[in-house]
Amino acid sequence: SILVVDDEENFLTLLEWFLGQRGYEVATASSAEVALKLLSVRSFDIALLDIRLGTSDGLALLEEITKCFPRPNVFMMTAYPTVSSIKQAFDKGASRYLTKPVDLQELVKALGSMF
């Protein structure tokens, strides 16, 4: 199962449909707060997190997830990659770092290697 966290509703809808078509169980959250609520009631194999979540910080959410919920592998996504954000993401426990627009075939390969 996959949790997708992004503040862009169209992107959430696209990933939910695309991944669902490939047999993945997908839940979505448009904020860090909603993501943490979902994580508190069920487990996910993978979380896909946007670094910029409106007023929230995806890197802070990554840190919270890795502290409190040891199970999910976390993929960070951003349209604004920097050396600093890449380093921070991996230092905080990210498994992968993807640049938006996300290459959906690359995402499927990355997900396949995790299961």
# chains A, B, ... in the order shown; residues from 1 in each chain; ligands from 1
$ closest_atom_pairs --of "segment 44-105 of chain A" --to "segment 2-7 of chain A" --cutoff "10 Å" --atoms "only C-alpha atoms" --output "tab-separated table"
residue	atom	partner	partner_atom	distance
A:Phe44	CA	A:Ile2	CA	5.6
A:Asp45	CA	A:Ile2	CA	6.0
A:Ile46	CA	A:Ile2	CA	4.9
A:Ala47	CA	A:Leu3	CA	4.6
A:Leu48	CA	A:Val4	CA	4.7
A:Leu49	CA	A:Val5	CA	4.9
A:Asp50	CA	A:Asp6	CA	5.2
A:Ile51	CA	A:Asp6	CA	8.4
A:Arg52	CA	A:Asp6	CA	7.9
A:Leu53	CA	A:Asp7	CA	5.3
A:Gly54	CA	A:Asp7	CA	6.2
A:Thr55	CA	A:Asp7	CA	9.4
A:Ser56	CA	A:Asp7	CA	9.4
A:Gly58	CA	A:Val5	CA	8.6
A:Leu61	CA	A:Val5	CA	9.8
A:Pro72	CA	A:Ile2	CA	8.6
A:Asn73	CA	A:Ile2	CA	9.5
A:Val74	CA	A:Leu3	CA	9.4
A:Phe75	CA	A:Val4	CA	9.5
A:Met76	CA	A:Val5	CA	9.7
A:Met77	CA	A:Asp6	CA	9.0
A:Thr78	CA	A:Asp6	CA	9.8
$ select_by_dssp --residues "segment 7-112 of chain A" --states "alpha helix (DSSP H)" --output "PyMOL selection string"
chain A and resi 9-21+32-41+58-68+83-91+104-112
$ residues_around --residues "Glu8 of chain A" --least-positions-apart "3" --cutoff "8 Å" --atoms "only C-alpha atoms" --output "JSON list (two decimals) with all heavy atoms, in the first residue's frame"
[["chain", "number", "residue", "atom", "x", "y", "z"],
["A", 11, "PHE", "N", -2.42, 16.27, -9.08],
["A", 11, "PHE", "CA", -1.33, 15.31, -9.03],
["A", 11, "PHE", "C", -1.72, 14.11, -8.15],
["A", 11, "PHE", "O", -1.44, 12.97, -8.50],
["A", 11, "PHE", "CB", -0.05, 15.98, -8.51],
["A", 11, "PHE", "CG", 1.16, 15.11, -8.57],
["A", 11, "PHE", "CD1", 1.68, 14.69, -9.79],
["A", 11, "PHE", "CD2", 1.81, 14.73, -7.41],
["A", 11, "PHE", "CE1", 2.80, 13.88, -9.85],
["A", 11, "PHE", "CE2", 2.94, 13.92, -7.45],
["A", 11, "PHE", "CZ", 3.43, 13.50, -8.68],
["A", 12, "LEU", "N", -2.40, 14.37, -7.03],
["A", 12, "LEU", "CA", -2.89, 13.28, -6.17],
["A", 12, "LEU", "C", -3.83, 12.38, -6.95],
["A", 12, "LEU", "O", -3.72, 11.15, -6.89],
["A", 12, "LEU", "CB", -3.61, 13.84, -4.94],
["A", 12, "LEU", "CG", -2.77, 14.42, -3.83],
["A", 12, "LEU", "CD1", -3.69, 14.98, -2.74],
["A", 12, "LEU", "CD2", -1.82, 13.40, -3.26],
["A", 30, "SER", "N", -3.55, 15.64, 1.38],
["A", 30, "SER", "CA", -3.14, 16.92, 0.81],
["A", 30, "SER", "C", -2.37, 17.79, 1.80],
["A", 30, "SER", "O", -2.04, 18.93, 1.50],
["A", 30, "SER", "CB", -4.36, 17.68, 0.28],
["A", 30, "SER", "OG", -5.30, 17.88, 1.33]]
$ atom_distance --atom1 "atom CA of Ser84 of chain A" --atom2 "atom CA of Leu59 of chain A"
11.3 Å
$ residues_around --residues "segment 19-26 of chain A" --least-positions-apart "2" --cutoff "7 Å" --atoms "only C-alpha atoms" --output "MDAnalysis selection string"
chainID A and resid 1:3 15:17 28
$ select_by_dssp --residues "chain A" --states "strand (DSSP E)" --output "ChimeraX atom specification"
/A:2-5,26-29,46-50,52-53,56-57,73-78,96-99
